[in-house]
file data_39.cif (mmCIF, C-alpha atoms)
data_query
#
loop_
_atom_site.label_atom_id
_atom_site.label_comp_id
_atom_site.auth_asym_id
_atom_site.auth_seq_id
_atom_site.Cartn_x
_atom_site.Cartn_y
_atom_site.Cartn_z
CA MET F 1 131.31 114.66 122.95
CA THR F 2 127.94 115.30 124.56
CA THR F 3 124.75 114.25 122.87
CA ARG F 4 122.29 117.05 122.25
CA ARG F 5 118.72 116.46 123.30
CA TYR F 6 116.13 116.64 120.55
CA ASN F 7 114.80 119.98 121.77
CA GLU F 8 118.06 121.82 122.42
CA VAL F 9 119.45 124.52 120.15
CA HIS F 10 123.08 123.96 119.17
CA PRO F 11 125.55 126.88 119.13
CA GLY F 12 125.31 127.41 115.37
CA GLU F 13 121.51 127.61 115.45
CA PHE F 14 121.67 129.99 118.41
CA GLU F 15 124.19 132.23 116.62
CA ILE F 16 122.12 132.50 113.43
CA GLN F 17 118.86 132.98 115.35
CA THR F 18 120.52 135.79 117.32
CA ARG F 19 121.82 137.47 114.16
CA ALA F 20 118.40 137.18 112.49
CA GLY F 21 116.45 138.28 115.56
CA SER F 22 114.44 135.06 115.52
CA ARG F 23 115.39 133.38 118.81
CA LEU F 24 111.79 133.41 120.07
CA ILE F 25 110.48 131.96 116.79
CA GLY F 26 113.24 129.35 116.83
CA ARG F 27 112.29 128.38 120.39
CA ARG F 28 108.61 127.99 119.41
CA ILE F 29 109.55 125.73 116.50
CA ILE F 30 111.75 123.57 118.71
CA GLU F 31 108.80 123.11 121.06
CA HIS F 32 107.06 121.17 118.22
CA ILE F 33 109.86 118.60 117.96
CA ARG F 34 108.83 115.20 119.29
CA GLU F 35 110.64 111.93 119.93
CA VAL F 36 107.64 109.95 118.72
CA LEU F 37 105.21 110.05 115.81
CA GLY F 38 101.73 111.12 116.79
CA VAL F 39 98.77 109.60 114.96
CA GLY F 40 98.51 112.52 112.53
CA PHE F 41 102.19 112.19 111.58
CA GLN F 42 101.82 108.42 111.17
CA GLU F 43 98.86 108.81 108.81
CA PHE F 44 100.62 111.54 106.83
CA ILE F 45 103.80 109.50 106.34
CA GLN F 46 101.96 106.33 105.29
CA ALA F 47 99.94 108.29 102.72
CA GLN F 48 103.04 109.59 100.91
CA CYS F 49 104.44 108.16 97.67
CA MET F 50 107.87 109.75 98.09
CA PHE F 51 110.36 111.23 100.50
CA PHE F 52 113.91 112.55 100.47
CA LEU F 53 116.57 110.66 102.42
CA ALA F 54 119.68 112.46 103.70
CA THR F 55 122.72 110.44 104.77
CA SER F 56 126.41 111.09 105.27
CA ASP F 57 129.49 108.95 105.45
CA ASP F 58 131.90 108.70 108.37
CA GLN F 59 133.65 111.90 107.22
CA GLY F 60 130.48 113.98 106.89
CA ARG F 61 130.23 113.87 103.09
CA LEU F 62 126.54 114.18 102.34
CA ASP F 63 124.12 112.44 100.04
CA CYS F 64 120.46 113.26 99.50
CA ASN F 65 118.34 110.75 97.65
CA PHE F 66 114.77 110.51 96.40
CA ARG F 67 112.81 107.45 97.54
CA GLY F 68 109.48 106.62 95.96
CA GLY F 69 106.82 103.94 95.92
CA PRO F 70 103.10 103.49 96.23
CA PRO F 71 101.37 105.16 99.18
CA GLY F 72 102.08 102.96 102.18
CA PHE F 73 105.57 101.94 101.02
CA VAL F 74 106.92 103.64 104.16
CA ARG F 75 105.40 101.76 107.06
CA VAL F 76 104.98 103.00 110.58
CA VAL F 77 105.85 100.06 112.83
CA ASP F 78 105.18 101.99 116.02
CA ASP F 79 105.47 105.57 117.25
CA ARG F 80 109.31 105.37 117.23
CA THR F 81 109.95 103.16 114.19
CA LEU F 82 109.60 103.43 110.41
CA MET F 83 110.51 100.87 107.77
CA PHE F 84 110.85 101.35 104.03
CA PRO F 85 111.87 99.06 101.17
CA ASP F 86 115.08 99.44 99.23
CA TYR F 87 114.22 98.72 95.61
CA ASN F 88 116.60 97.92 92.77
CA GLY F 89 118.39 101.13 91.80
CA ASN F 90 121.50 102.17 89.93
CA GLY F 91 123.79 99.88 91.91
CA ALA F 92 125.89 102.68 93.44
CA PHE F 93 124.44 102.16 96.96
CA MET F 94 125.50 105.64 98.05
CA SER F 95 122.83 106.01 100.74
CA LEU F 96 123.09 102.44 102.00
CA GLY F 97 126.87 102.61 101.94
CA ASN F 98 126.69 105.71 104.09
CA LEU F 99 124.39 103.91 106.54
CA LEU F 100 127.05 101.26 107.10
CA THR F 101 129.50 103.89 108.35
CA ASN F 102 127.10 106.49 109.78
CA PRO F 103 123.54 105.36 110.54
CA THR F 104 122.19 108.88 111.15
CA VAL F 105 119.47 109.86 108.65
CA GLY F 106 117.17 112.73 107.86
CA MET F 107 113.87 112.11 106.07
CA LEU F 108 111.74 114.82 104.48
CA PHE F 109 108.16 113.94 103.56
CA ILE F 110 106.38 116.51 101.37
CA ASP F 111 102.82 116.49 100.10
CA PHE F 112 102.86 119.07 97.34
CA GLU F 113 99.09 118.93 96.87
CA THR F 114 98.34 119.93 100.47
CA GLN F 115 101.57 121.91 100.89
CA ARG F 116 102.49 120.05 104.06
CA ARG F 117 105.78 118.51 105.12
CA ILE F 118 107.20 116.57 108.03
CA ARG F 119 110.82 116.05 108.97
CA VAL F 120 112.05 112.89 110.67
CA ASN F 121 115.58 112.39 111.98
CA GLY F 122 116.82 109.12 113.35
CA THR F 123 119.12 106.13 113.24
CA ALA F 124 118.87 103.63 110.40
CA GLU F 125 119.63 99.94 110.13
CA ILE F 126 119.71 97.82 106.96
CA ILE F 127 117.60 94.66 107.30
CA ASP F 128 118.40 91.69 105.03
CA ASP F 129 116.24 89.14 106.88
CA PRO F 130 114.22 87.32 104.16
CA ASN F 131 111.04 87.24 106.26
CA THR F 132 111.12 91.00 106.77
CA VAL F 133 112.12 91.76 103.18
CA SER F 134 109.36 89.53 101.76
CA ALA F 135 106.76 91.69 103.54
CA PHE F 136 107.74 94.51 101.13
CA PRO F 137 106.98 93.34 97.56
CA GLY F 138 109.81 94.14 95.17
CA ALA F 139 112.29 95.05 97.91
CA GLU F 140 115.86 93.82 97.91
CA ARG F 141 116.31 94.84 101.53
CA VAL F 142 114.53 97.02 104.08
CA VAL F 143 115.71 100.05 106.04
CA LYS F 144 114.49 100.40 109.61
CA VAL F 145 114.64 103.89 111.15
CA THR F 146 114.45 104.49 114.89
CA ILE F 147 113.12 108.01 115.34
CA ASP F 148 114.98 110.63 117.36
CA GLN F 149 113.05 113.67 116.12
CA ALA F 150 109.81 114.25 114.24
CA PHE F 151 108.31 117.64 113.55
CA PRO F 152 106.22 119.60 111.07
CA ASN F 153 108.19 121.94 108.89
CA TYR F 154 107.35 125.41 107.66
CA SER F 155 105.16 125.08 104.56
CA ARG F 156 105.16 128.67 103.30
CA TYR F 157 107.42 128.04 100.31
CA ILE F 158 106.17 124.62 99.23
CA PRO F 159 104.84 124.99 95.69
CA ARG F 160 101.36 123.64 95.16
CA MET F 161 101.55 120.84 92.61
CA ALA F 162 99.16 118.13 91.53
CA ARG F 163 99.72 114.70 90.04
CA VAL F 164 98.93 114.63 86.37
CA GLY F 165 98.92 110.92 85.73
CA PRO F 166 98.78 107.49 87.27
CA PRO F 167 101.72 106.14 89.27
CA PRO F 168 104.49 104.34 87.40
CA LYS F 169 103.56 100.83 86.23
CA ASN F 170 106.69 99.38 87.82
CA TRP F 171 105.68 100.31 91.37
CA PRO F 172 105.25 97.17 93.46
CA ALA F 173 102.06 96.67 95.41
CA PRO F 174 102.24 98.11 98.95
#

call {"tool": "encode", "arguments": {"input": "data_39.cif", "output": "C-alpha cells"}}
result
Amino acid sequence: MTTRRYNEVHPGEFEIQTRAGSRLIGRRIIEHIREVLGVGFQEFIQAQCMFFLATSDDQGRLDCNFRGGPPGFVRVVDDRTLMFPDYNGNGAFMSLGNLLTNPTVGMLFIDFETQRRIRVNGTAEIIDDPNTVSAFPGAERVVKVTIDQAFPNYSRYIPRMARVGPPPKNWPAP
C-alpha cells in the first residue's frame, strides 16, 4: 500500500470532482493543505473551547466525539504537534480505544462566532506520563497529535452563533 502525500487527490476524490465539474476548485483547495501549523492556525486553535475528534478502529468503524475545555486546553507544542487533555468522561473510552488500534485522527475546530474552521489530520499517541499529565489541570491523560495535514475549511455553511452564558463551572483552569 502506498502512502498518499498530503496534497494528492485520491481516486475517489478525483472521481467525484470529475462528476461535479469541480476538479479545478478541488485542486485550489488542496493547494492550501499544509504539513505544519502556521502562526494564524496556531492562534486560532489555542483560542478554541471545543473541537470534534474523529477516530476509527482497526476495521474502519468510525467514532466522532466532542472535546471541550477552556480556551487554551488544546496546546500547540510546535508547528507539527498538538496536545490536549483527556478529562473524565463516561468511561466508554471509544475514542481512546480506537487510538490504541488505529492512531489516525481528524480534528475539526469551529469558531461559530467568526464562522471559521480549521481541519487537522494526524497521528495520535496517548500520554500517561505523570509530569506531562500534571501540566493539564484536571486531565487523566493527554493525547499528543503529530500533524500530517492542516488546512482551512469552507465556511459558507457554518451557522453564526454566539455564546449566551459563562463557561461551565467544572472546566479546569487552562

call {"tool": "residues_around", "arguments": {"input": "data_39.cif", "residues": "Ser56 (chain F)", "least_positions_apart": "4", "cutoff": "9 Å", "atoms": "all atoms listed in the file", "output": "PyMOL selection string"}}
result
chain F and resi 60-64+95+98-99+101-105

call {"tool": "write_last_selection", "arguments": {"input": "data_39.cif", "atoms": "C-alpha atoms", "output": "PDB file, in the coordinates of the input"}}
result
ATOM      1  CA  GLY F  60     130.480 113.980 106.890  1.00  0.00           C
ATOM      2  CA  ARG F  61     130.230 113.870 103.090  1.00  0.00           C
ATOM      3  CA  LEU F  62     126.540 114.180 102.340  1.00  0.00           C
ATOM      4  CA  ASP F  63     124.120 112.440 100.040  1.00  0.00           C
ATOM      5  CA  CYS F  64     120.460 113.260  99.500  1.00  0.00           C
ATOM      6  CA  SER F  95     122.830 106.010 100.740  1.00  0.00           C
ATOM      7  CA  ASN F  98     126.690 105.710 104.090  1.00  0.00           C
ATOM      8  CA  LEU F  99     124.390 103.910 106.540  1.00  0.00           C
ATOM      9  CA  THR F 101     129.500 103.890 108.350  1.00  0.00           C
ATOM     10  CA  ASN F 102     127.100 106.490 109.780  1.00  0.00           C
ATOM     11  CA  PRO F 103     123.540 105.360 110.540  1.00  0.00           C
ATOM     12  CA  THR F 104     122.190 108.880 111.150  1.00  0.00           C
ATOM     13  CA  VAL F 105     119.470 109.860 108.650  1.00  0.00           C
TER      14      VAL F 105
END

call {"tool": "atom_distance", "arguments": {"input": "data_39.cif", "atom1": "CA of Val36 (chain F)", "atom2": "CA of Glu113 (chain F)"}}
result
25.1 Å

call {"tool": "closest_residue", "arguments": {"input": "data_39.cif", "among": "F:Ala139, F:Leu82, F:Val120, F:Val77", "to": "Pro152 (chain F)", "atoms": "all atoms listed in the file"}}
result
F:Val120

call {"tool": "resolve_selection", "arguments": {"input": "data_39.cif", "expression": "the PyMOL selection byres ((chain F and resi 47-49) around 8)", "output": "PDB file with C-alpha atoms, in the coordinates of the input"}}
result
ATOM      1  CA  GLU F  43      98.860 108.810 108.810  1.00  0.00           C
ATOM      2  CA  PHE F  44     100.620 111.540 106.830  1.00  0.00           C
ATOM      3  CA  ILE F  45     103.800 109.500 106.340  1.00  0.00           C
ATOM      4  CA  GLN F  46     101.960 106.330 105.290  1.00  0.00           C
ATOM      5  CA  MET F  50     107.870 109.750  98.090  1.00  0.00           C
ATOM      6  CA  PHE F  51     110.360 111.230 100.500  1.00  0.00           C
ATOM      7  CA  GLY F  68     109.480 106.620  95.960  1.00  0.00           C
ATOM      8  CA  GLY F  69     106.820 103.940  95.920  1.00  0.00           C
ATOM      9  CA  PRO F  70     103.100 103.490  96.230  1.00  0.00           C
ATOM     10  CA  PRO F  71     101.370 105.160  99.180  1.00  0.00           C
ATOM     11  CA  GLY F  72     102.080 102.960 102.180  1.00  0.00           C
ATOM     12  CA  PHE F  73     105.570 101.940 101.020  1.00  0.00           C
ATOM     13  CA  VAL F  74     106.920 103.640 104.160  1.00  0.00           C
ATOM     14  CA  PHE F 109     108.160 113.940 103.560  1.00  0.00           C
ATOM     15  CA  ILE F 110     106.380 116.510 101.370  1.00  0.00           C
ATOM     16  CA  ASP F 111     102.820 116.490 100.100  1.00  0.00           C
TER      17      ASP F 111
END

call {"tool": "closest_residue", "arguments": {"input": "data_39.cif", "among": "F:Glu35, F:Asp57, F:Asp79, F:Glu140", "to": "Pro172 (chain F)", "atoms": "all atoms listed in the file"}}
result
F:Glu140
